[in-house]
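Take a look at the structure set out below.
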Amino acid sequence: MKHIVMAAAGLATGFALPAVAEDIKVGLMLPYSGTYASLGNEIEAGFRLGLETYGGASGATFEVLTEDTEAKPPVALGKAKKLILQDKVDVLSGIVSSGVLGAMRDLIDGSKVPLIVANAGNDEATGEACSPWITRLSFSNAQVNRPMGTWLHDQGVKKVYTLAPDYAAGHQMIDAFAASFTEAGGEIVGQQYTPFGKTQDFGPYLAKAQSSGAEAVYVFYAGGEAISFVKQYDSFGLKADLPLYGAGFLTSPLYVNAEGPAAEGVTAALHYVPTIENEANAAFTSAFKAKTGHLPSEFAVQGYDSARALVEAVKSGASDRASLGAALRKVSFEGPRGMLSIDPATNNLVQPIYVYQTVAGPDGLTQNVLAELPASADPANGCDLAQVSN
């Protein structure tokens with residue numbers, strides 16, 4: 001466990017800062033070992049940069065305690081109990097795995113400790129299993145994919161074949177895309193779910209897609225599976241006649257270079273890429289690269305914006321668990337992704353979605369933004385926090 005104290009910046013500038021009775025103690029729960037360690041490190045780098053950039057304006061100091069969830073629900077639950085009961089943190093943040101978030105939900109809700117979700121996208125967390133103490137600053141699985149169905153149909157694609165790993169996120173992402181695509185008038189001509197984390201050879205699945213009569217393939221894969229899939233799709237020779245589309249985790253800036261030329265021409269939708277053109281993103285990408293030596297990914301911006309949301313809550317006067325939980329639900333700001341706000345009915349983030357294509361640039365692979373799709377709130381799906389007392 002790391003234990004780092006970050007002092008408020010700017011105390012000697014002569015500007016009056018709001019008085020804060022106590023430091024804000026933050027429990028940052030991320031995977032620092034195992035499959036998702038790179039995601040955890042990227043989110044933490046963004047989170048610390050966010051505190052460094054915005055924390056001074058709050059007048060508070062932020063004490064950050066980190067714990068390795070290992071992306072394992074039982075491990076994470078034990079670490080969360082320690083942070084809440086022993087370390088007495090004011091707020092938790094992080095959580096990469098949807099399974100971990102699901103396991104922690106009742107603890108968070110029962111202990112009334114606010115949790116800022118910096119990655120996990122499971123729809124239930126801001127749907128049927130929502131809690132006034134859980135606020136998401138990342139994405140929901142449906143949110144990333146839903147607008148892509150309409151957009152792809154508008155580009156003239158009428159028949160699509162879908163593929164995804166056979167677990168909750170895979171089904172949620174494909175279901176959201178398929179619903180909007182068929183509602184727009186398109187047809188899903190075939191659908192397969194591959195064994196999660198076990199599929200080494202995608203050839204048999206690609207052969208079925210090739211013979212399906214589809215005009216395009218839409219997929220969700222992430223991490224190591226994304227790298228393998230993109231490379232095999234290219235080596236199978238499908239891209240020229242059967243273009244590849246998907247949720248943007250397929251060609252994430254975090255690992256797209258590992259995919260190499262095979263990723264060129266793949267079009268995807270995501271809530272962030274480092275080539276978004278606005279002042280906030282220009283400042284963020286410059287500062288992040290100076291700190292880490294590489295451009296930020298969607299995981300980095302999620303950490304960065306989670307830290308800023310916390311700071312904005314503190315600036316509003318929040319200083320303990322109850323007031324932080326209430327203030328986080330009202331947060332809105334202009335960030336690297338564009339305008340962000342929290343839907344008070346679900347505590348889910350409302351944000352624009354970007355369609356981008358991976359292309360070769362002068363310094364390697366980069367993202368060419370093709371369209372910014374309007375921000376829209378997710379359906380409540382059984383959640384209604386609108387009447388929660390603030």
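Convention: chains lettered A, B, ... in structure tokens order; per-chain residue numbering from 1; ligands numbered from 1 as shown.
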Inset, instruction - Considering only C-alpha atoms, return as an MDAnalysis selection string whatever protein or nucleic-acid residues lie within 7 Å of region 117-124 of chain A, sequence-local ones (same chain, fewer than 2 positions apart) excluded. - result: chainID A and resid 93:98 101 115 126:130 135:142 169 299 302:303 306
How close does region 36-115 of chain A get to region 318-329 of chain A? List, as JSON lines, each residue of region 36-115 of chain A within 7 Å, its nearest atom pair and the distance in Å to one decimal, counting only C-alpha atoms.
{"residue": "A:Asp90", "atom": "CA", "partner": "A:Arg321", "partner_atom": "CA", "distance": 5.1}
{"residue": "A:Val91", "atom": "CA", "partner": "A:Arg321", "partner_atom": "CA", "distance": 6.5}
{"residue": "A:Val113", "atom": "CA", "partner": "A:Arg321", "partner_atom": "CA", "distance": 5.6}
{"residue": "A:Pro114", "atom": "CA", "partner": "A:Gly325", "partner_atom": "CA", "distance": 5.0}
Give me a file of those residues, with N, CA and C atoms, as a PDB file, in the first residue's frame.
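As written to disk, result_13.pdb reads:
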ATOM      1  N   ASP A  90     -12.682   9.488   3.544  1.00  0.00           N
ATOM      2  CA  ASP A  90     -13.871  10.294   3.280  1.00  0.00           C
ATOM      3  C   ASP A  90     -14.540   9.902   1.975  1.00  0.00           C
ATOM      4  N   VAL A  91     -13.746   9.378   1.051  1.00  0.00           N
ATOM      5  CA  VAL A  91     -14.253   9.062  -0.277  1.00  0.00           C
ATOM      6  C   VAL A  91     -13.383   7.971  -0.888  1.00  0.00           C
ATOM      7  N   VAL A 113     -20.435   5.740   2.170  1.00  0.00           N
ATOM      8  CA  VAL A 113     -19.162   6.340   1.776  1.00  0.00           C
ATOM      9  C   VAL A 113     -19.209   6.580   0.275  1.00  0.00           C
ATOM     10  N   PRO A 114     -19.041   7.821  -0.185  1.00  0.00           N
ATOM     11  CA  PRO A 114     -19.129   8.072  -1.625  1.00  0.00           C
ATOM     12  C   PRO A 114     -18.026   7.370  -2.406  1.00  0.00           C
TER      13      PRO A 114
END
Inset, instruction - Could you give me, as a ChimeraX atom specification, the residues within 7 Å of region 371-373 of chain A, counting only C-alpha atoms and dropping anything in the same chain fewer than 4 positions from it? - result: /A:147,352-355
Just-selected residues, N, CA and C atoms written as a compact mmCIF listing (two decimals), in the first residue's frame:
# COMPACT_ATOMS: atom_id res chain seq x y z
N PRO A 147 -25.05 5.21 -29.41
CA PRO A 147 -25.10 6.16 -30.53
C PRO A 147 -24.43 5.65 -31.80
N PRO A 352 -20.24 13.55 -24.31
CA PRO A 352 -20.27 13.26 -25.75
C PRO A 352 -19.51 11.97 -26.05
N ILE A 353 -19.83 11.37 -27.19
CA ILE A 353 -19.13 10.18 -27.68
C ILE A 353 -18.49 10.55 -29.02
N TYR A 354 -17.26 10.09 -29.23
CA TYR A 354 -16.51 10.44 -30.43
C TYR A 354 -16.31 9.21 -31.33
N VAL A 355 -16.59 9.39 -32.62
CA VAL A 355 -16.28 8.36 -33.61
C VAL A 355 -14.91 8.69 -34.19
Legend entry - Near-region 252-258 of chain A list (9 Å; only C-alpha atoms; drop same-chain fewer than 2 positions) as a PyMOL selection string: chain A and resi 38-39+42+222-224+226-227+248-250+260-261+263+270+273-274+295-299+358+364-367
Legend entry - Those in region 133-323 of chain A with helix (DSSP H, G or I) from DSSP, as JSON, numbers by chain: {"A": [141, 142, 143, 144, 145, 146, 147, 148, 149, 150, 151, 152, 153, 154, 168, 169, 170, 171, 172, 173, 174, 175, 176, 177, 178, 179, 180, 181, 182, 183, 203, 204, 205, 206, 207, 208, 209, 210, 223, 224, 225, 226, 227, 228, 229, 230, 231, 232, 233, 234, 235, 248, 249, 250, 251, 256, 257, 258, 259, 260, 261, 262, 263, 279, 280, 281, 282, 283, 284, 285, 286, 287, 288, 289, 290, 291, 292, 298, 299, 300, 301, 302, 303, 304, 305, 306, 307, 308, 309, 310, 311, 312, 313, 314, 315, 321, 322, 323]}
Legend entry - 9 Å contact set for Ala71 (chain A), only C-alpha atoms, chain neighbours under 6 positions out, as a list in words: Leu30, Pro31, Tyr32, Ser33, Gly34, Thr35, Tyr36, Ala37, Ile95, Val96, Ser97, Ser98, Gly99 and Val100 of chain A
Store the residues of this selection in a file with N, CA and C atoms, as an mmCIF file, in the first residue's frame.
data_model
loop_
_atom_site.group_PDB
_atom_site.id
_atom_site.type_symbol
_atom_site.label_atom_id
_atom_site.label_comp_id
_atom_site.auth_asym_id
_atom_site.auth_seq_id
_atom_site.Cartn_x
_atom_site.Cartn_y
_atom_site.Cartn_z
ATOM 1 N N LEU A 30 -7.399 0.350 -7.125
ATOM 2 C CA LEU A 30 -7.101 0.014 -8.513
ATOM 3 C C LEU A 30 -6.306 -1.283 -8.582
ATOM 4 N N PRO A 31 -6.331 -1.964 -9.734
ATOM 5 C CA PRO A 31 -5.485 -3.148 -9.890
ATOM 6 C C PRO A 31 -4.052 -2.730 -10.225
ATOM 7 N N TYR A 32 -3.117 -3.079 -9.367
ATOM 8 C CA TYR A 32 -1.706 -2.789 -9.613
ATOM 9 C C TYR A 32 -0.929 -4.054 -9.950
ATOM 10 N N SER A 33 -1.635 -5.174 -9.991
ATOM 11 C CA SER A 33 -1.026 -6.442 -10.380
ATOM 12 C C SER A 33 -2.027 -7.183 -11.247
ATOM 13 N N GLY A 34 -1.533 -8.122 -12.027
ATOM 14 C CA GLY A 34 -2.429 -8.912 -12.865
ATOM 15 C C GLY A 34 -2.724 -8.264 -14.206
ATOM 16 N N THR A 35 -3.745 -8.776 -14.880
ATOM 17 C CA THR A 35 -4.080 -8.406 -16.252
ATOM 18 C C THR A 35 -4.315 -6.916 -16.429
ATOM 19 N N TYR A 36 -4.939 -6.287 -15.446
ATOM 20 C CA TYR A 36 -5.350 -4.891 -15.603
ATOM 21 C C TYR A 36 -4.414 -3.902 -14.918
ATOM 22 N N ALA A 37 -3.207 -4.336 -14.598
ATOM 23 C CA ALA A 37 -2.274 -3.446 -13.905
ATOM 24 C C ALA A 37 -1.972 -2.185 -14.708
ATOM 25 N N ILE A 95 -11.689 1.579 -9.204
ATOM 26 C CA ILE A 95 -12.483 0.409 -9.595
ATOM 27 C C ILE A 95 -12.459 0.220 -11.117
ATOM 28 N N VAL A 96 -11.677 -0.734 -11.565
ATOM 29 C CA VAL A 96 -11.578 -1.061 -12.987
ATOM 30 C C VAL A 96 -12.587 -2.135 -13.378
ATOM 31 N N SER A 97 -12.702 -3.170 -12.572
ATOM 32 C CA SER A 97 -13.518 -4.324 -12.928
ATOM 33 C C SER A 97 -14.977 -4.140 -12.536
ATOM 34 N N SER A 98 -15.877 -4.458 -13.466
ATOM 35 C CA SER A 98 -17.308 -4.402 -13.168
ATOM 36 C C SER A 98 -17.675 -5.416 -12.088
ATOM 37 N N GLY A 99 -16.992 -6.560 -12.072
ATOM 38 C CA GLY A 99 -17.240 -7.551 -11.043
ATOM 39 C C GLY A 99 -16.886 -7.032 -9.660
ATOM 40 N N VAL A 100 -15.798 -6.282 -9.568
ATOM 41 C CA VAL A 100 -15.404 -5.668 -8.300
ATOM 42 C C VAL A 100 -16.445 -4.640 -7.864
#
Please list as a CSV table (one decimal) with N, CA, C and O atoms, in the first residue's frame every residue within 7 Å of Gly190 (chain A), counting only C-alpha atoms and excluding residues in the same chain fewer than 5 positions away.
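File produced: selection-v3.csv:
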chain,number,residue,atom,x,y,z
A,161,TYR,N,-22.6,-7.8,-38.7
A,161,TYR,CA,-22.3,-9.0,-38.0
A,161,TYR,C,-21.6,-8.6,-36.7
A,161,TYR,O,-20.7,-7.7,-36.7
A,162,THR,N,-21.9,-9.1,-35.5
A,162,THR,CA,-21.3,-8.7,-34.3
A,162,THR,C,-20.6,-9.8,-33.6
A,162,THR,O,-20.9,-11.0,-33.7
A,212,SER,N,-21.6,-14.3,-43.9
A,212,SER,CA,-22.9,-14.0,-43.4
A,212,SER,C,-23.7,-13.1,-44.3
A,212,SER,O,-24.9,-12.9,-44.1
Inset, instruction - Please indicate the distance in Å from CA of Ala307 (chain A) to CA of Glu52 (chain A), rounded to one decimal place. - result: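 Taking CA of Ala307 (chain A) as the start and CA of Glu52 (chain A) as the end point, the length is 9.1 Å.
Closest approach to Thr150 (chain A) from the set A:Ala184, A:Ala269, A:Ala57, A:Val230 is made by A:Ala184, with distances taken over only C-alpha atoms.
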Legend entry - Nearest residue to Ser235 (chain A) from the set A:Gly203, A:Gly382, A:Gly265, A:Gly197 (distances using only C-alpha atoms):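 Of the candidates, the smallest distance to Ser235 (chain A) is held by A:Gly203.
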